[in-house]
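Written below as structure tokens is the structure these notes are about.
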Amino acid sequence: MDTKKSDVKVTVRDQEEYSLEAQGGVVVKDIYVDPHEEAALVRKLDRRLLPMLAFMYFLSSLDRSNIGNAYTSGMKEDLHLTSRQYSNAVSVFYSTYLAAELPAVWLLKIARPRYYMSGLVLAWSLITLFSGFVQKYESLLATRVLLGAFEGGFFPAMTLLITMTYKPQEQAKRIAFFFGSSALSGAFGGLIATGLASVNNAGGLEGWRWLYIIEGLISVFASVWLFFGLPDSLDNLKFLNSKEHALMNARAKQRVQYMGENPAFSWKEVLLAIKDFKTYFAFIIQFCQDTILYGFSTFLTAILKLGLGYDSRKAQYMSVPVYLLAAIVFMISAYVSDRFKVRGPVFFAYNLLGATGYIILLTVKHDAVKYFACYLITFSLYTGTGLNITWLTNNVAPHYKRATALGLNQTLGNLSGAIVGQVYTKSPYVLGNSFSLGCIVLSNILTLVQIAWLTKLNRDKAAILAGTKKDFKKERIGDEELDFKYCL
């Protein structure tokens with residue numbers, strides 16, 4: 001059976017031949033995998049894993065951001081919160097959220113996914129439920145600190161799980177699925193808050209308290225689904241038959257350079273991640289994109305109510321179509337990104353629309369036009385955040401180097417979550433929106449610089465392989481190997 005081969009080959013320790021894959025820049029072993037059987041396998045993985053993980057991230061986003069809906073649904077008055085206290089409650093969440101992210105990606109390959117990840121979901125679910133009974137500002141801060149501690153590790157662990165299961169060129173659409181669920185959480189959060197506002201004082205509890213209680217209970221039951229749905233190990237997926245296991249093994253051999261040959265934790269790979277310029281470009285871009293995401297999603301209802309003058313209920317349901325558009329936009333952008341095998345240029349273009357939205361929001365006085373600007377901002381909302389993560393995970397190998405880079409990306413990038421609470425302090429949020437606009441500009445500048453630098457590195461590798469340039473590196477590991485082509 002013929003196998004397509006590249007002219008570029010390297011010899012590895014066991015003297016087997018490897019050929020260059022056409023996409024994703026990953027070295028592929030000379031093993032034939034029937035594309036139809038592989039596509040069927042990937043669809044089966046999608047059906048079993050994606051809905052479950054996406055629903056968990058939906059709940060994570062809902063439980064994290066529902067403070068915005070609770071604030072505009074009566075919590076402000078019942079707890080006698082000032083604008084500064086509300087901002088502090090938003091920011092303090094990230095103190096523990098950030099601390100949990102890097103350990104999470106190191107632990108995932110050691111701990112059993114089903115116990116580790118379902119335990120995180122159960123813990124934050126109970127904290128969300130108990131948040132419905134807080135009576136004062138200090139108690140609200142305590143629940144936010146605990147919530148961050150358990151939610152922080154989930155998304156980076158889930159993302160790393162995707163990189164361990166799927167090939168690089170398959171990852172953007174799957175990560176988009178998660179961010180699409182996050183966008184839907186914004187939409188449904190508004191709908192739920194609108195509905196619960198009408199059951200105020202039911203059972204002696206205010207509507208915003210029922211928001212926390214009901215969402216917490218849903219998350220508790222979801223943690224049970226995750227416990228029984230996730231495997232103990234990715235090496236033994238019990239829902240696959242013997243032929244599908246063989247296909248998974250073949251896919252693993254094709255990705256040996258991407259994943260690494262040594263499964264043990266490696267401080268050497270950790271140091272490689274710390275010294276890699278891609279790590280720093282990625283987390284600064286992530287910081288900028290997360291600022292837009294967290295600022296807009298946390299304060300959207302407040303912007304609509306306090307900035308545009310809508311009442312609480314109208315502000316809640318007018319946020320719904322904004323989030324739905326955000327989900328649709330990101331799914332389309334992820335498809336385009338995987339289809340053309342590019343990351344940076346896609347969210348660079350989308351950021352131009354987002355920047356236009358912020359400019360309108362800051363300069364125009366007409367409320368209808370400002371509401372339209374919110375739709376333009378959605379083009380930056382999830383696209384840059386998700387595609388930048390995929391860009392990083394595609395371009396960093398092997399496993400623990402990628403895990404460390406991803407953990408640092410999420411830890412340092414999510415510092416923005418603490419900062420947005422301090423810049424979005426007073427309606428009509430001119431400082432916050434101006435800060436977000438500046439972040440879009442900086443993100444696009446860094447994106448252009450990284451595209452240029454990765455292009456240069458790819459050309460240098462090609463020149464070394466062609467014998468027209470001398471290689472001064474003594475050792476090349478993972479993505480530094482000459483036949484690893486960086487994704488732009």
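Just remember, in the structure tokens the first chain shown is A, the second B, etc., residues are 1-based per chain, and ligands are 1-based in the order shown.
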
Give me the residues of range 23-118 of chain A that have any atom at most 10 Å from an atom of range 158-171 of chain A; for each, the nearest atom pair and the distance in Å, rounded to one decimal. Use only C-alpha atoms, sort by chain and number, and format it as a Markdown table.
| residue | atom | partner | partner_atom | distance |
| --- | --- | --- | --- | --- |
| A:Gln23 | CA | A:Gln169 | CA | 6.6 |
| A:Gly24 | CA | A:Gln169 | CA | 5.4 |
| A:Gly25 | CA | A:Pro168 | CA | 8.5 |
| A:Val26 | CA | A:Pro168 | CA | 8.0 |
| A:Val42 | CA | A:Tyr166 | CA | 8.0 |
| A:Leu45 | CA | A:Thr165 | CA | 8.6 |
| A:Asp46 | CA | A:Tyr166 | CA | 9.9 |
| A:Leu49 | CA | A:Ile162 | CA | 9.4 |
| A:Leu50 | CA | A:Ile162 | CA | 9.3 |
| A:Leu53 | CA | A:Met158 | CA | 7.4 |
| A:Ala54 | CA | A:Met158 | CA | 9.4 |
| A:Met56 | CA | A:Met158 | CA | 9.8 |
| A:Tyr57 | CA | A:Met158 | CA | 8.9 |
| A:Ala104 | CA | A:Met158 | CA | 9.5 |
| A:Val105 | CA | A:Leu160 | CA | 6.8 |
| A:Trp106 | CA | A:Leu160 | CA | 9.7 |
| A:Leu108 | CA | A:Leu161 | CA | 7.9 |
| A:Lys109 | CA | A:Leu161 | CA | 8.9 |
| A:Pro113 | CA | A:Leu161 | CA | 8.7 |
| A:Met117 | CA | A:Met158 | CA | 8.4 |

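The protein and nucleic acid residues lying at most 9 Å from Val33 in chain A are Glu37, Glu38, Leu247, Ala250 and Arg251 of chain A, with only C-alpha atoms considered and sequence neighbours fewer than 4 positions away removed.
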
Please dump the current selection as a tab-separated table (two decimals), in the first residue's frame; keep C-alpha atoms.
chain	number	residue	atom	x	y	z
A	37	GLU	CA	-11.46	4.96	9.28
A	38	GLU	CA	-9.52	7.73	11.02
A	247	LEU	CA	-5.86	3.28	15.04
A	250	ALA	CA	-0.99	4.45	14.99
A	251	ARG	CA	-2.00	8.07	15.54

Could you check which of A:Gly354, A:Pro231, A:Gly386, A:Gly344 is closest to Cys374 in chain A, using only C-alpha atoms? A:Gly354

Neighbouring residues of Thr455 in chain A were defined as those with any atom within 9 Å, considering only C-alpha atoms; residues of the same chain fewer than 3 positions away were excluded. Please report them as a list in words. Gln450, Ile451, Ala452, Asn458, Arg459, Asp460, Tyr486, Cys487 and Leu488 of chain A
